[in-house]
Every structure is written in C-alpha cells, then in structure tokens.
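Here's the structure, in structure tokens; my notes come after.
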Amino acid sequence: MLRSYRVLAYSLASLASANAAFADPPKPPAVPPASPKQVVLISFDAAREISQWQRSRALAKRTGAHFTYFLSCVFLLSPETRQEYAGPGKAAGKSNVGFGASKQDVADRLEQVRLAAAEGHDIGSHACGHFDGKDWSKADWLAEFASVRRIFENAYAINGISPEPPGWRDFARHAVTGFRAPYLSTDKALYDALPEADFQYDASGVSNGPELPPTRNGITRFALPLIPEGPKAKPVVAMDYNLYVRHSDAAEKPAMAGEFTERAYQSFRAAFEAQYNGKRLPLELGFHFTLMNGGAYWNALERFAGEVCVMSQVECISFRDYVARQRAGQAQASVGG
C-alpha cells in the first residue's frame with residue numbers, strides 16, 4: 001500500500017511538472033507609452049524689418065527650428081504702389097502700419113520670404129492694412145483676403161521688380177494657409193470667411209493656458225496661452241507686446257532691457273517646463289519684428305530657443321507643419337492605418 005501511494009504521488013508530481021512546462025510564460029511588465037515630443041510653436045507678426053528676417057532665420061539655422069511668419073501684405077507695396085490696396089471701408093493707399101519703405105525694400109523683403117520658405121518656414125497672413133476687423137462682415141473679410149492674395153501673387157509685377165523668380169506665382173497661390181488677425185481681433189464673420197478663402201488654420205485666439213487646438217468648420221484654431229510672469233507669476237498673454245505693456249506700460253525703457261530680458265526668459269521657461277514635465281501640450285509664443293525695450297524679448301527668445309529647440313524631446317515647428325501632421329494622422333486613423 002505504501003508503495004502504491006508513492007507511485008501515485010510521483011505520478012501527480014510529474015503531471016504538475018509537465019503542465020507547468022506547457023503553461024504560458026509570465027507576461028513582461030507593461031511598458032508605459034512614450035511621451036510625445038514637446039511641440040513649441042514660435043511665430044512673428046507683421047514681418048517687416050529685413051534685419052529681423054535675417055536674425056530669425058539665423059536663429060532657426062542654429063537651433064533647427066521652423067517658424068511661422070504672419071506677413072502684412074502692405075509691406076509688399078512701395079510708396080509708389082500703395083494705391084494698389086484699399087481696406088474694407090477705407091480709402092486706397094491707407095494702412096495702420098505704413099507700407100514698404102521703397103521699391104528696393106520690397107524687393108529685399110520678397111527675397112527674404114523666398115529664402116525663408118525654401119528653408120522650410122511657414123508664410124502666413126496678417127491681413128494687409130492691420131485694421132481692426134471685429135465689426136467686419138464676411139464680405140469685408142473676403143475682400144481683405146482677396147487683396148492679400150492678389151498683392152502677394154503679383155508683388156513683383158506691381159512694383160516693377162524684375163526678374164520675377166520662376167514659379168513665384170504658383171508658390172504665392174499655395175503658400176499661405178494660415179492667418180492671424182491684427183490685434184487678435186476677430187468676429188464670427190471671420191470664421192465664416194476663412195474656409196471660403198482656402199485657409200487651413202487661424203492663430204488669432206487667446207486661451208487660459210496651452211491647449212490642443214480644435215478644428216472647426218475645417219479651420220484649426222490656435223490660441224496664444226496665458227503664461228505665468230514676474231515675481232508673482234501673474235498670467236500674461238505669451239506675446240512680446242503683452243510683456244512690453246506689462247513691463248513698461250508700452251513705453252520704451254532700454255535701460256531696463258536686462259531685467260526685462262530675464263523676466264521674459266523665465267516666463268517662457270516656466271511655461272515650457274510645466275508642459276515638458278506634464279501633459280506636453282503645444283506651447284505657443286508670439287513675437288513681432290519690432291524691438292521693444294531695447295530688444296529684450298528677442299534676446300529672451302534667442303536664449304530660450306537656443307536651449308529648448310535643440311533638445312531631443314522637443315520640436316520647434318511651424319503652425320503649417322503641425323496642422324499637416326495632425327491631419328495626416330487623422331486621415332490615417334480614419335482608414336484604419
């Protein structure tokens with residue numbers, strides 16, 4: 001009896017061993033999904049001064065960044081050709097920001113536009129005469145957009161600049177896919193007009209903080225976020241002009257440029273770190289070509305971009321490229337790719 005018990009025990013042990021041998025191996029621990037790269041969207045409004053075109057392009061080359069330039073099309077008209085533009089409800093040749101300084105100045109700006117585009121930058125529209133369109137109708141916006149496209153496409157011919165580069169008109173017809181309203185001033189009519197005028201995105205909004213831009217009626221809507229600034233981390237719109245108002249009430253104080261540079265840099269960096277170490281929502285920063293408070297905000301930008309745009313987990317890209325990437329991903333998902 002004892003012998004039979006030992007045989008049975010041995011058989012059960014052997015069976016358990018065999019079952020263990022054929023069982024599924026233990027699953028490895030789950031690997032958390034990799035964080036997306038931190039996107040930083042840097043843009044410039046008006047895009048007038050040639051030296052600032054050159055300076056921004058040099059910054060991009062040093063850091064690998066791609067920028068968006070929201071160009072006011074009056075800067076593609078010389079004093080002699082300013083009558084080519086008439087804003088909605090305005091007399092011909094009127095603008096809130098002037099026009100190109102000369103025929104040569106316009107030619108130099110067109111060359112900068114071409115070079116920037118060839119380097120992968122995004123050329124957007126900042127309308128033409130920098131008028132406040134908050135009360136414009138859809139027809140007014142469409143008229144302004146028509147002026148933008150006509151002047152951009154025919155800039156060489158209008159100003160008598162020759163030779164016109166091969167392919168310029170085709171480039172001009174298709175290059176401008178984004179818009180930012182002057183003064184960030186919008187109305188419902190604008191968003192009715194943008195799709196009809198073949199725009200893909202708008203960057204005229206302001207938000208409480210970084211957010212994923214929604215797409216409505218075919219237009220992806222970006223918003224400059226409020227970011228913490230100063231000793232009390234008081235929120236401010238992430239644009240140089242708003243910092244200029246905060247720091248010096250929009251009055252030049254070049255003697256304090258160093259202090260304002262540091263404050264702006266720390267504000268940019270704090271907003272970046274919050275996203276980089278958090279949800280990694282896109283961070284937008286807006287600038288003008290005008291050098292305010294002794295160039296404080298451009299100095300802060302160059303320091304900031306020089307540190308973050310070169311990071312392996314950061315991409316400083318244009319609005320156009322962000323939209324193209326998002327739409328490509330949505331199209332792939334819609335077909336089960």
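By convention here, the chains of the structure tokens are called A, B, ... in the order presented, each chain's residues are numbered starting at 1, and ligands are numbered starting at 1 in the order presented.
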So which residues of region 57-224 of chain A fall under strand (DSSP E) by DSSP, listed as a PDB file with C-alpha atoms, in the first residue's frame?
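The resulting file, states.pdb, is shown below:
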```
ATOM      1  CA  THR A  68       5.697  80.969 -38.885  1.00  0.00           C
ATOM      2  CA  TYR A  69       5.813  84.492 -40.309  1.00  0.00           C
ATOM      3  CA  PHE A  70       2.457  86.308 -40.398  1.00  0.00           C
ATOM      4  CA  LEU A  71       3.146  88.854 -43.139  1.00  0.00           C
ATOM      5  CA  ASP A 122       5.695  78.883 -42.886  1.00  0.00           C
ATOM      6  CA  ILE A 123       4.442  82.098 -44.522  1.00  0.00           C
ATOM      7  CA  GLY A 124       1.071  83.079 -43.063  1.00  0.00           C
ATOM      8  CA  SER A 125      -1.140  86.136 -43.491  1.00  0.00           C
ATOM      9  CA  GLY A 178      -2.729  80.302 -42.116  1.00  0.00           C
ATOM     10  CA  PHE A 179      -3.972  83.585 -40.686  1.00  0.00           C
ATOM     11  CA  TYR A 201      -5.732  77.401 -39.720  1.00  0.00           C
ATOM     12  CA  ASP A 202      -6.215  80.533 -37.656  1.00  0.00           C
ATOM     13  CA  ALA A 203      -3.900  81.692 -34.849  1.00  0.00           C
ATOM     14  CA  SER A 204      -5.896  84.627 -33.516  1.00  0.00           C
ATOM     15  CA  GLY A 205      -7.140  83.117 -30.264  1.00  0.00           C
ATOM     16  CA  VAL A 206      -6.143  83.543 -26.630  1.00  0.00           C
ATOM     17  CA  SER A 207      -6.566  80.723 -24.086  1.00  0.00           C
ATOM     18  CA  THR A 215     -10.630  72.060 -35.748  1.00  0.00           C
ATOM     19  CA  ARG A 216     -13.991  73.614 -36.549  1.00  0.00           C
ATOM     20  CA  ILE A 219     -10.158  75.537 -39.652  1.00  0.00           C
ATOM     21  CA  THR A 220      -7.689  74.510 -36.946  1.00  0.00           C
ATOM     22  CA  ARG A 221      -7.811  77.203 -34.271  1.00  0.00           C
ATOM     23  CA  PHE A 222      -4.664  78.021 -32.325  1.00  0.00           C
ATOM     24  CA  ALA A 223      -4.607  80.273 -29.273  1.00  0.00           C
ATOM     25  CA  LEU A 224      -1.793  82.141 -27.561  1.00  0.00           C
TER      26      LEU A 224
END
```
Residue contacts of region 299-310 of chain A (10 Å, only C-alpha atoms) excluding same-chain residues fewer than 2 positions away, as an MDAnalysis selection string: chainID A and resid 38:40 42 55:56 59:60 62:66 240 257:258 260:269 272:273 285:287 291 294:297 312:317
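Minimum atom-to-atom distances from A:Cys128, A:Leu77, A:Ala86, A:Ala117 to Ala46 (chain A) were compared using only C-alpha atoms, and the lowest value belongs to A:Cys128.
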Expected answer as a PyMOL selection string: alpha helix (DSSP H) residues in region 106-222 of chain A: chain A and resi 106-118+138-153+155-158+168-175+188-196
Among the residues A:Ser43, A:Asn154, A:Thr186, A:Gln52, the one that comes closest to Arg320 (chain A) [using only C-alpha atoms]: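 Using only C-alpha atoms, Arg320 (chain A) sits closest to A:Ser43.
Picture a line from CA of Pro254 (chain A) to CA of Pro228 (chain A); it runs 22.9 Å.
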Straight-line distance linking CA of Lys37 (chain A) with CA of Val176 (chain A), stated in Å to one decimal: 26.2 Å
Counting only C-alpha atoms, the residue of A:Asp132, A:Gly278, A:Arg109, A:His126 that sits nearest Phe44 (chain A):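 Selected residue with least distance to Phe44 (chain A): A:His126.
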Mind running region 194-236 of chain A against region 243-251 of chain A at 12 Å and telling me each contacting residue's nearest atom pair with the distance in Å (one decimal), counting only C-alpha atoms, chain and number ascending, as CSV?
```
residue,atom,partner,partner_atom,distance
A:Leu226,CA,A:Leu243,CA,11.2
A:Ile227,CA,A:Leu243,CA,10.6
A:Pro228,CA,A:Leu243,CA,11.0
A:Glu229,CA,A:Leu243,CA,8.6
A:Gly230,CA,A:His247,CA,9.1
A:Pro231,CA,A:His247,CA,11.9
A:Lys234,CA,A:Arg246,CA,10.0
A:Pro235,CA,A:Arg246,CA,10.2
A:Val236,CA,A:Leu243,CA,7.1
```
